[in-house]
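Peer 1: Before anything else, here's the structure in question.
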Amino acid sequence: MTAPIPVPIRKAMINFCEEPGMTIIKVAKVFQVGTATRKRLRRVKREQGTLVPAPRRNGPVGKRTPELLEMFQRLHEAHPDVTLAQMAALWSEAAGIRMTSSDVSRSYRDLGITRKKKR
């Protein structure tokens, strides 16, 4: 997928297509876009009232919310010497959703917590 069309160009396309005698095909040729793109932009402007592109979201919504990270940090302070699998089980029980050892590992990283033991 390509990058979204910048807002100034989107506005120029909409203004250009509102001039008398302009057709979808002429506008598409001038701005070197497909006719479907021009139609889509006009629909977005009509329905949403703005031409700002929607934020991109790749992948599913993450389950490690700030609240869950706070819960994780409290669990870590209470149980600093548990393994990743044990922490995942504790966190799953406390949160009420399934948390994996990968979630635990990423949470340690995000919070800047190191797990190196003292010798």
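The chains in the structure tokens are called A, B, ... from first to last as shown; in each chain the residues are counted from 1, and the ligands are counted from 1 in the order shown.
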List every residue of region 11-110 of chain A that DSSP, applied to the backbone of this structure, assigns to helix (DSSP H, G or I), and report them as JSON, numbers by chain.
Peer 2: {"A": [11, 12, 13, 14, 15, 16, 17, 24, 25, 26, 27, 28, 29, 30, 31, 35, 36, 37, 38, 39, 40, 41, 42, 43, 44, 45, 46, 47, 48, 66, 67, 68, 69, 70, 71, 72, 73, 74, 75, 76, 77, 78, 84, 85, 86, 87, 88, 89, 90, 91, 92, 93, 94, 95, 101, 102, 103, 104, 105, 106, 107, 108, 109, 110]}
Peer 1: What are the closest atom pairs, with distances in Å to one decimal, for each residue of region 15-74 of chain A lying within 12 Å of region 81-94 of chain A, using only C-alpha atoms, rows by chain and rising residue number, as a Markdown table?
Peer 2:
```
| residue | atom | partner | partner_atom | distance |
| --- | --- | --- | --- | --- |
| A:Lys63 | CA | A:Ser92 | CA | 11.6 |
| A:Arg64 | CA | A:Trp91 | CA | 11.0 |
| A:Glu67 | CA | A:Ala94 | CA | 12.0 |
| A:Leu68 | CA | A:Trp91 | CA | 8.7 |
| A:Leu69 | CA | A:Trp91 | CA | 9.9 |
| A:Glu70 | CA | A:Trp91 | CA | 11.1 |
| A:Met71 | CA | A:Trp91 | CA | 7.9 |
| A:Phe72 | CA | A:Trp91 | CA | 6.6 |
| A:Gln73 | CA | A:Trp91 | CA | 10.0 |
| A:Arg74 | CA | A:Trp91 | CA | 10.1 |
```
Peer 1: Atoms to include: C-alpha atoms. Write the selected residues as a CSV table (one decimal), in the first residue's frame.
Peer 2:
```
chain,number,residue,atom,x,y,z
A,63,LYS,CA,-4.0,-6.1,24.6
A,64,ARG,CA,-1.2,-4.6,26.7
A,67,GLU,CA,-3.6,-0.1,32.9
A,68,LEU,CA,-2.4,-3.7,32.3
A,69,LEU,CA,1.2,-2.5,32.3
A,70,GLU,CA,0.7,-0.9,35.7
A,71,MET,CA,-0.8,-4.1,36.9
A,72,PHE,CA,2.2,-6.0,35.5
A,73,GLN,CA,4.6,-3.6,37.2
A,74,ARG,CA,2.9,-4.2,40.6
```
Peer 1: Using Å and a single decimal, report how far CA of Thr2 (chain A) sits from CA of Glu18 (chain A).
Peer 2: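 Computed distance, CA of Glu18 (chain A) to CA of Thr2 (chain A), equals 26.1 Å.
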Peer 1: Find the distance between CA of Leu41 (chain A) and CA of Met13 (chain A) and write it in Å to one decimal.
Peer 2: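 We find that CA of Leu41 (chain A) and CA of Met13 (chain A) lie 8.6 Å from each other.
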Peer 1: What does the structure give for the distance between CA of Thr35 (chain A) and CA of Gly59 (chain A), in Å to one decimal?
Peer 2: 28.7 Å
Peer 1: Which residue is closest to Asn15 (chain A)? Choose from A:Val27, A:Leu75, A:Val33, A:Met99 and count only C-alpha atoms.
Peer 2: A:Val27
Peer 1: Could you list, as a list in words, every residue within 8 Å of Ile14 (chain A), counting only C-alpha atoms and ignoring same-chain residues fewer than 2 positions away?
Peer 2: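 Those residues are Arg10, Lys11, Ala12, Phe16, Cys17, Glu18, Arg38, Leu41 and Arg42 of chain A.
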